[in-house]
>>> print(open('protein-v2.cif').read())   # mmCIF, C-alpha atoms
data_run
#
loop_
_atom_site.label_atom_id
_atom_site.label_comp_id
_atom_site.auth_asym_id
_atom_site.auth_seq_id
_atom_site.Cartn_x
_atom_site.Cartn_y
_atom_site.Cartn_z
CA MET A 1 105.40 133.84 81.34
CA GLY A 2 107.71 135.10 78.59
CA ARG A 3 109.65 132.91 76.20
CA LEU A 4 109.76 129.20 76.92
CA TYR A 5 112.39 126.71 75.83
CA LEU A 6 112.34 122.92 75.61
CA ALA A 7 115.51 121.04 76.51
CA GLY A 8 115.86 117.28 76.46
CA ASP A 9 118.40 114.56 77.02
CA SER A 10 117.73 111.10 75.68
CA GLY A 11 119.56 107.81 75.94
CA GLY A 12 118.59 104.24 75.29
CA THR A 13 116.41 103.97 78.40
CA LYS A 14 114.78 107.33 79.09
CA THR A 15 114.33 110.91 77.93
CA ASP A 16 114.29 113.79 80.41
CA TRP A 17 112.60 117.03 79.35
CA LEU A 18 112.65 120.52 80.87
CA VAL A 19 110.49 123.48 79.92
CA PHE A 20 112.07 126.69 81.23
CA ASP A 21 112.23 130.44 80.70
CA ASP A 22 114.96 133.04 80.22
CA ALA A 23 115.45 133.35 83.97
CA GLY A 24 116.34 129.67 84.17
CA ASP A 25 113.15 128.87 86.06
CA VAL A 26 111.88 125.39 85.24
CA HIS A 27 108.13 125.26 84.58
CA TYR A 28 107.78 121.57 83.74
CA ARG A 29 109.82 118.41 84.16
CA HIS A 30 108.84 115.24 82.37
CA ARG A 31 110.33 111.82 81.70
CA THR A 32 109.48 109.65 78.71
CA SER A 33 111.02 106.59 77.09
CA GLY A 34 114.44 106.73 75.41
CA LEU A 35 114.75 107.87 71.79
CA ALA A 36 118.32 106.73 71.13
CA ARG A 37 118.54 103.73 68.81
CA LEU A 38 121.47 101.88 67.30
CA HIS A 39 119.45 101.44 64.11
CA PRO A 40 116.95 103.96 62.68
CA GLY A 41 113.43 103.12 61.65
CA THR A 42 111.99 101.97 64.97
CA LEU A 43 110.52 105.32 66.03
CA SER A 44 107.21 106.66 64.75
CA TYR A 45 105.74 110.13 64.57
CA ASP A 46 102.64 109.03 66.47
CA SER A 47 104.66 107.60 69.35
CA LEU A 48 106.84 110.70 69.60
CA ARG A 49 103.82 112.99 69.45
CA GLU A 50 102.30 111.01 72.30
CA GLU A 51 105.54 111.38 74.28
CA LEU A 52 105.32 115.16 73.85
CA SER A 53 101.67 115.37 74.88
CA PHE A 54 102.78 116.71 78.27
CA LEU A 55 103.37 120.07 76.54
CA GLY A 56 99.65 120.52 76.01
CA ASP A 57 99.00 123.98 74.55
CA LEU A 58 102.39 125.37 75.58
CA SER A 59 104.35 127.15 72.87
CA VAL A 60 108.15 126.93 73.00
CA CYS A 61 110.43 129.23 71.02
CA ARG A 62 113.21 126.67 70.56
CA ALA A 63 113.89 123.00 71.24
CA TYR A 64 117.20 121.27 71.80
CA LEU A 65 117.72 117.55 72.37
CA SER A 66 120.97 115.87 73.33
CA LEU A 67 120.82 112.33 71.94
CA GLY A 68 122.84 109.36 73.12
CA GLY A 69 122.47 107.39 69.89
CA PRO A 70 123.37 107.66 66.19
CA ASN A 71 119.80 108.12 64.89
CA VAL A 72 120.03 111.93 64.92
CA ASP A 73 118.50 112.53 61.48
CA GLU A 74 115.48 110.38 62.30
CA VAL A 75 114.83 112.09 65.63
CA VAL A 76 115.31 115.65 64.39
CA GLY A 77 112.89 114.99 61.53
CA LEU A 78 110.21 113.61 63.82
CA LEU A 79 110.70 116.36 66.40
CA GLN A 80 110.44 119.04 63.75
CA LEU A 81 107.16 117.52 62.59
CA ALA A 82 105.85 117.43 66.16
CA LEU A 83 107.04 120.96 67.02
CA ARG A 84 106.28 122.74 63.78
CA CYS A 85 106.29 126.20 65.27
CA CYS A 86 109.90 126.36 66.49
CA PRO A 87 113.44 125.55 65.37
CA VAL A 88 114.68 122.14 66.55
CA GLU A 89 118.26 121.04 67.12
CA VAL A 90 119.33 117.48 67.92
CA GLU A 91 122.98 116.91 68.79
CA ARG A 92 124.92 113.80 69.65
CA GLU A 93 125.55 113.89 73.38
CA SER A 94 129.01 112.44 72.85
CA THR A 95 130.27 115.56 71.05
CA GLY A 96 130.74 116.94 74.55
CA ASN A 97 129.71 120.48 73.62
CA MET A 98 126.99 120.92 76.21
CA ILE A 99 128.67 118.78 78.87
CA LEU A 100 132.05 120.51 78.81
CA LEU A 101 130.45 123.95 78.62
CA SER A 102 128.67 123.21 81.89
CA GLY A 103 131.58 121.24 83.34
CA GLY A 104 133.84 124.24 82.89
CA LEU A 105 131.75 126.08 85.49
CA LEU A 106 132.73 123.29 87.91
CA GLY A 107 136.44 123.43 87.10
CA CYS A 108 136.28 120.33 84.90
CA ARG A 109 138.00 119.94 81.54
CA ALA A 110 136.87 116.35 81.10
CA ALA A 111 133.71 114.36 81.63
CA VAL A 112 132.72 110.71 81.76
CA MET A 113 129.09 109.95 81.01
CA VAL A 114 127.88 106.57 82.18
CA GLY A 115 124.26 105.55 81.73
CA THR A 116 123.03 102.65 79.65
CA GLY A 117 126.13 103.28 77.53
CA SER A 118 129.31 105.23 78.22
CA VAL A 119 131.47 107.88 76.58
CA ALA A 120 134.16 110.30 77.74
CA MET A 121 135.36 113.60 76.39
CA GLY A 122 137.92 116.20 77.37
CA ASP A 123 139.92 119.20 76.20
CA VAL A 124 143.64 118.41 76.09
CA GLY A 125 146.20 120.78 74.61
CA GLY A 126 143.52 122.83 72.91
CA LYS A 127 142.03 119.77 71.24
CA ARG A 128 138.79 117.90 71.94
CA VAL A 129 139.49 114.22 72.60
CA TYR A 130 137.12 111.29 73.06
CA ALA A 131 137.10 107.77 74.45
CA GLY A 132 134.52 105.02 74.60
CA GLY A 133 131.16 105.23 72.94
CA TRP A 134 131.68 102.00 71.03
CA GLY A 135 128.30 100.57 71.95
CA PRO A 136 127.15 97.42 73.75
CA VAL A 137 129.18 94.89 71.75
CA TYR A 138 132.61 96.51 71.73
CA GLY A 139 132.40 98.90 74.67
CA ASP A 140 130.25 100.14 77.56
CA GLU A 141 132.14 97.94 80.04
CA GLY A 142 131.69 100.50 82.80
CA ALA A 143 128.10 101.41 81.91
CA GLY A 144 124.76 99.91 82.84
CA GLY A 145 124.27 98.03 79.59
CA GLY A 146 127.74 96.53 79.60
CA LEU A 147 127.59 95.74 83.30
CA GLY A 148 124.24 94.02 82.84
CA PHE A 149 125.66 92.00 79.95
CA ARG A 150 128.52 90.78 82.14
CA ILE A 151 126.13 89.95 84.99
CA LEU A 152 124.05 87.80 82.66
CA HIS A 153 127.12 86.24 81.04
CA ARG A 154 128.57 85.35 84.43
CA PHE A 155 125.29 83.82 85.57
CA LEU A 156 124.83 81.72 82.42
CA ARG A 157 128.38 80.38 82.67
CA SER A 158 127.76 79.43 86.28
CA ILE A 159 124.90 77.18 85.20
CA ASP A 160 127.47 75.03 83.41
CA GLY A 161 129.91 75.16 86.31
CA MET A 162 132.31 77.33 84.30
CA SER A 163 132.20 80.38 86.57
CA GLU A 164 131.31 81.46 90.08
CA ALA A 165 128.14 83.55 90.24
CA GLY A 166 127.74 84.18 93.95
CA ARG A 167 124.20 85.40 94.53
CA LEU A 168 123.64 86.66 90.97
CA GLY A 169 120.86 84.11 90.55
CA GLU A 170 118.71 86.32 92.78
CA LEU A 171 118.62 88.86 89.94
CA PHE A 172 117.15 86.34 87.51
CA VAL A 173 114.17 84.92 89.40
CA ASP A 174 111.75 86.19 86.74
CA ILE A 175 113.72 84.97 83.75
CA LEU A 176 114.01 81.50 85.32
CA SER A 177 110.33 81.28 86.21
CA GLY A 178 108.79 77.98 85.13
CA LEU A 179 112.00 76.60 83.62
CA ASP A 180 113.79 73.33 84.25
CA ILE A 181 117.27 74.25 83.07
CA GLY A 182 118.34 70.67 83.58
CA THR A 183 116.56 69.81 80.33
CA PHE A 184 117.52 70.77 76.79
CA ALA A 185 114.15 72.46 76.25
CA GLY A 186 114.61 74.46 79.44
CA ARG A 187 118.08 75.60 78.39
CA MET A 188 116.84 76.67 74.97
CA GLU A 189 113.99 78.66 76.49
CA LEU A 190 116.44 80.34 78.87
CA LYS A 191 118.64 81.16 75.87
CA ARG A 192 115.65 82.71 74.10
CA ARG A 193 114.69 84.79 77.11
CA ALA A 194 118.26 85.92 77.70
CA ASN A 195 118.74 87.00 74.10
CA ALA A 196 115.42 88.85 74.16
CA LEU A 197 116.61 91.21 76.91
CA GLU A 198 117.14 94.76 75.66
CA ARG A 199 119.94 97.08 76.73
CA HIS A 200 117.78 99.03 79.15
CA GLN A 201 116.68 95.77 80.79
CA LEU A 202 120.29 94.70 81.20
CA ALA A 203 121.12 98.12 82.64
CA GLY A 204 118.24 97.63 85.07
CA LEU A 205 120.20 94.83 86.76
CA ALA A 206 122.72 97.32 88.20
CA PRO A 207 120.71 98.44 91.28
CA GLY A 208 120.17 94.81 92.27
CA LEU A 209 123.89 94.17 91.87
CA MET A 210 124.60 97.08 94.20
CA GLU A 211 122.37 95.53 96.84
CA LEU A 212 124.35 92.29 96.53
CA TYR A 213 127.55 94.33 96.88
CA ARG A 214 126.24 95.90 100.06
CA GLY A 215 125.50 92.40 101.31
CA GLY A 216 129.14 91.43 100.80
CA ASP A 217 128.73 89.23 97.72
CA ALA A 218 132.22 88.66 96.28
CA VAL A 219 131.09 88.39 92.66
CA ALA A 220 129.10 91.63 92.89
CA CYS A 221 132.17 93.31 94.39
CA GLU A 222 134.33 92.06 91.53
CA LEU A 223 131.92 93.23 88.83
CA LEU A 224 131.47 96.70 90.32
CA GLU A 225 135.20 97.12 90.88
CA ASP A 226 135.78 96.22 87.23
CA ALA A 227 133.15 98.77 86.14
CA ALA A 228 134.76 101.46 88.31
CA ARG A 229 138.16 100.67 86.81
CA GLU A 230 136.75 100.95 83.28
CA ASN A 231 135.31 104.38 84.07
CA ALA A 232 138.62 105.52 85.55
CA MET A 233 140.35 104.33 82.38
CA LEU A 234 137.93 106.42 80.32
CA ALA A 235 138.86 109.42 82.47
CA ARG A 236 142.56 108.70 81.95
CA ALA A 237 142.05 108.54 78.19
CA VAL A 238 140.68 112.10 77.99
CA THR A 239 143.04 113.85 80.42
CA CYS A 240 146.73 114.74 80.50
CA ALA A 241 148.98 113.23 83.17
CA ASP A 242 150.68 116.58 83.77
CA ASP A 243 147.40 118.42 84.24
CA CYS A 244 145.44 118.86 87.44
CA CYS A 245 141.69 119.24 87.09
CA GLY A 246 138.34 117.74 87.86
CA VAL A 247 136.62 115.04 85.86
CA LEU A 248 132.86 115.44 85.80
CA GLY A 249 131.13 112.12 86.45
CA ILE A 250 127.53 112.07 85.28
CA GLY A 251 124.92 109.53 84.34
CA GLY A 252 122.63 107.03 85.98
CA LEU A 253 125.24 104.47 86.96
CA PHE A 254 127.01 106.97 89.20
CA GLN A 255 123.71 107.29 91.07
CA LEU A 256 123.95 103.70 92.31
CA GLY A 257 125.29 105.07 95.55
CA ILE A 258 128.30 106.52 97.32
CA GLU A 259 129.92 103.08 97.43
CA PHE A 260 130.25 102.92 93.66
CA ARG A 261 131.52 106.49 93.46
CA GLU A 262 134.16 105.64 96.05
CA LEU A 263 135.26 102.68 93.92
CA CYS A 264 135.59 105.04 90.96
CA GLU A 265 137.61 107.51 93.06
CA ALA A 266 140.00 104.80 94.21
CA ALA A 267 140.47 103.58 90.64
CA LEU A 268 141.11 107.09 89.27
CA SER A 269 143.71 107.84 91.95
CA GLY A 270 145.73 104.92 90.64
CA PHE A 271 145.71 106.26 87.07
CA ARG A 272 145.66 110.03 87.57
CA PRO A 273 146.77 111.04 91.11
CA ASN A 274 146.44 114.74 90.23
CA HIS A 275 142.86 114.41 89.03
CA HIS A 276 139.65 113.98 90.95
CA TRP A 277 136.06 113.14 90.21
CA VAL A 278 133.50 115.92 90.57
CA TRP A 279 130.04 114.77 91.62
CA CYS A 280 127.50 117.57 91.35
CA PRO A 281 124.07 116.63 92.74
CA GLU A 282 122.43 119.50 90.84
CA PHE A 283 123.99 118.49 87.54
CA SER A 284 122.43 116.24 84.96
CA PRO A 285 122.68 115.96 81.17
CA VAL A 286 119.30 117.64 80.74
CA LYS A 287 120.44 120.48 83.02
CA ALA A 288 123.51 120.81 80.78
CA ALA A 289 121.19 121.02 77.77
CA MET A 290 119.32 123.83 79.49
CA ILE A 291 122.56 125.68 80.29
CA LYS A 292 123.69 125.38 76.67
CA MET A 293 120.43 126.88 75.44
CA LEU A 294 120.61 129.76 77.91
CA HIS A 295 124.25 130.39 76.99
CA GLU A 296 123.37 130.51 73.28
CA ALA A 297 120.50 132.88 74.09
CA GLY A 298 123.11 135.32 75.44
CA HIS A 299 122.77 134.75 79.18
CA GLY A 300 125.69 134.68 81.59
CA ILE A 301 125.79 131.70 83.96
CA LYS A 302 127.86 131.00 87.05
CA MET A 303 128.13 128.29 89.68
CA THR A 304 127.21 129.19 93.26
CA LYS A 305 129.08 127.88 96.30
CA ASP A 306 126.26 125.37 96.75
CA GLN A 307 127.01 123.92 93.30
CA GLU A 308 123.88 125.33 91.76
CA PHE A 309 123.73 127.13 88.42
CA GLU A 310 122.66 130.77 88.47
CA ILE A 311 121.76 133.20 85.69
CA VAL A 312 123.77 136.40 86.16
CA SER A 313 122.84 138.36 83.04
#
>>> encode(input="protein-v2.cif", output="structure tokens")
Amino acid sequence: MGRLYLAGDSGGTKTDWLVFDDAGDVHYRHRTSGLARLHPGTLSYDSLREELSFLGDLSVCRAYLSLGGPNVDEVVGLLQLALRCCPVEVERESTGNMILLSGGLLGCRAAVMVGTGSVAMGDVGGKRVYAGGWGPVYGDEGAGGGLGFRILHRFLRSIDGMSEAGRLGELFVDILSGLDIGTFAGRMELKRRANALERHQLAGLAPGLMELYRGGDAVACELLEDAARENAMLARAVTCADDCCGVLGIGGLFQLGIEFRELCEAALSGFRPNHHWVWCPEFSPVKAAMIKMLHEAGHGIKMTKDQEFEIVS
């Protein structure tokens, strides 16, 4: 079997793992819960060890994790405890190192990553530039967490007749279960339930919003158009107007469907007519982590005409 490597990409919702060899052949794929946290101290060694139980008796020579949160020191410490036999590296995903290395094979000098949160990075004039990444309170407007927040905000305002919500109420059947929001007690319980929702739960509202969009709901259209515009603005922030290149769009929100990607394309054309989004079905952050590890192991990598990555040396 030869040497095996462990690559991972983790955000606030999920962690994707790949176990692969020097030929780039993937032996195992696994998905666990997200490790990224805004505040350290909520992860435990036991829980992480359980997450890694899929490895069984496999021995990996190196592990690399791209992390979408600031708790790098916590995660690298726990991973090193769990994988005692090999060196472990944990890097903030938003540095752009692994993404732009892989994106360069696709003709991209910029990337916008949109999952639960969002961040953009690019190389402009020989300098690495960034945009976004401010988190759920001050940013993420075009990401799942921020979009979910605005969906909930719009719905709650509609209860008081302060905003139009269209069919958004269909997304909150569970949270409204058993409540009489015409009473003070009902309103306070709704407030409690709403404030108890975590970022990944808010991000989970996005697929339902897309279904409302496909059904012609005006509010859903407005919210998704706003999200697409925000992502195009992130792309504008990390590119040069005089340049002409691709912008790699990756992350779960872009997987909502071709309709959302088309909204993003229309928005970008208004800001950067010479730029275009690149959607690569074979690309994912965890694949970028794998490519980075293979590159650092001394392997040459190219992109085939079918947009697949291939080891050439």
>>> resolve_selection(input="protein-v2.cif", expression="the PyMOL selection byres ((chain A and resi 24) around 10)", output="list of chain:residue names")
A:Leu4, A:Tyr5, A:Val19, A:Phe20, A:Asp21, A:Asp22, A:Ala23, A:Asp25, A:Val26, A:His27, A:Met290, A:Ile291, A:Leu294, A:His299, A:Ile301, A:Phe309, A:Glu310, A:Ile311
>>> residues_around(input="protein-v2.cif", residues="A:Glu170", least_positions_apart="6", cutoff="12 Å", atoms="all atoms listed in the file", output="list of chain:residue names")
A:Ile151, A:Leu152, A:Phe155, A:Leu176, A:Ser177, A:Leu205, A:Gly208, A:Leu209, A:Glu211, A:Leu212, A:Asp217, A:Ala220
>>> residues_around(input="protein-v2.cif", residues="A:Cys245", least_positions_apart="3", cutoff="8 Å", atoms="all atoms listed in the file", output="PDB file with C-alpha atoms, keeping the file's coordinate frame")
ATOM      1  CA  GLY A 107     136.440 123.430  87.100  1.00  0.00           C
ATOM      2  CA  CYS A 108     136.280 120.330  84.900  1.00  0.00           C
ATOM      3  CA  ARG A 109     138.000 119.940  81.540  1.00  0.00           C
ATOM      4  CA  ASN A 274     146.440 114.740  90.230  1.00  0.00           C
ATOM      5  CA  HIS A 275     142.860 114.410  89.030  1.00  0.00           C
ATOM      6  CA  HIS A 276     139.650 113.980  90.950  1.00  0.00           C
TER       7      HIS A 276
END
>>> resolve_selection(input="protein-v2.cif", expression="the PyMOL selection byres ((chain A and resi 100) around 9)", output="ChimeraX atom specification")
/A:96-99,101-105,108-111,121-123,248,288
>>> atom_distance(input="protein-v2.cif", atom1="atom CA of A:Cys244", atom2="atom CA of A:Leu106")
13.5 Å
>>> closest_residue(input="protein-v2.cif", among="A:Leu224, A:Gly144, A:Gly133, A:Val75", to="A:Gln201", atoms="only C-alpha atoms")
A:Gly144
>>> residues_around(input="protein-v2.cif", residues="stretch 253-261 of chain A", least_positions_apart="6", cutoff="7 Å", atoms="all atoms listed in the file", output="PyMOL selection string")
chain A and resi 114-115+143-144+207+210
>>> closest_residue(input="protein-v2.cif", among="A:Ala120, A:Ser44, A:Phe172, A:Ala165", to="A:Trp134", atoms="all atoms listed in the file")
A:Ala120
>>> decode(input="protein-v2.cif", residues="stretch 127-159 of chain A", atoms="C-alpha atoms", output="PDB file, in the first residue's frame")
ATOM      1  CA  LYS A 127       0.859  40.403  -2.969  1.00  0.00           C
ATOM      2  CA  ARG A 128      -1.631  38.123  -1.207  1.00  0.00           C
ATOM      3  CA  VAL A 129      -4.856  39.997  -0.438  1.00  0.00           C
ATOM      4  CA  TYR A 130      -7.903  38.963   1.565  1.00  0.00           C
ATOM      5  CA  ALA A 131     -11.534  39.933   2.029  1.00  0.00           C
ATOM      6  CA  GLY A 132     -14.301  38.742   4.294  1.00  0.00           C
ATOM      7  CA  GLY A 133     -13.796  36.230   7.042  1.00  0.00           C
ATOM      8  CA  TRP A 134     -15.253  38.533   9.683  1.00  0.00           C
ATOM      9  CA  GLY A 135     -17.531  35.885  11.148  1.00  0.00           C
ATOM     10  CA  PRO A 136     -21.290  35.611  11.656  1.00  0.00           C
ATOM     11  CA  VAL A 137     -21.849  38.970  13.366  1.00  0.00           C
ATOM     12  CA  TYR A 138     -19.910  41.312  11.093  1.00  0.00           C
ATOM     13  CA  GLY A 139     -19.666  39.316   7.881  1.00  0.00           C
ATOM     14  CA  ASP A 140     -20.675  36.099   6.095  1.00  0.00           C
ATOM     15  CA  GLU A 141     -23.495  37.881   4.262  1.00  0.00           C
ATOM     16  CA  GLY A 142     -23.060  35.663   1.218  1.00  0.00           C
ATOM     17  CA  ALA A 143     -22.467  32.444   3.172  1.00  0.00           C
ATOM     18  CA  GLY A 144     -24.801  29.862   4.639  1.00  0.00           C
ATOM     19  CA  GLY A 145     -24.587  31.140   8.199  1.00  0.00           C
ATOM     20  CA  GLY A 146     -25.181  34.753   7.241  1.00  0.00           C
ATOM     21  CA  LEU A 147     -27.922  33.845   4.793  1.00  0.00           C
ATOM     22  CA  GLY A 148     -29.659  31.747   7.439  1.00  0.00           C
ATOM     23  CA  PHE A 149     -29.414  34.635   9.897  1.00  0.00           C
ATOM     24  CA  ARG A 150     -31.115  36.963   7.416  1.00  0.00           C
ATOM     25  CA  ILE A 151     -33.812  34.375   6.670  1.00  0.00           C
ATOM     26  CA  LEU A 152     -34.617  34.106  10.364  1.00  0.00           C
ATOM     27  CA  HIS A 153     -34.419  37.873  10.878  1.00  0.00           C
ATOM     28  CA  ARG A 154     -36.779  38.488   7.975  1.00  0.00           C
ATOM     29  CA  PHE A 155     -39.247  35.911   9.272  1.00  0.00           C
ATOM     30  CA  LEU A 156     -39.263  37.270  12.833  1.00  0.00           C
ATOM     31  CA  ARG A 157     -39.841  40.816  11.585  1.00  0.00           C
ATOM     32  CA  SER A 158     -42.744  39.588   9.486  1.00  0.00           C
ATOM     33  CA  ILE A 159     -44.478  38.317  12.620  1.00  0.00           C
TER      34      ILE A 159
END
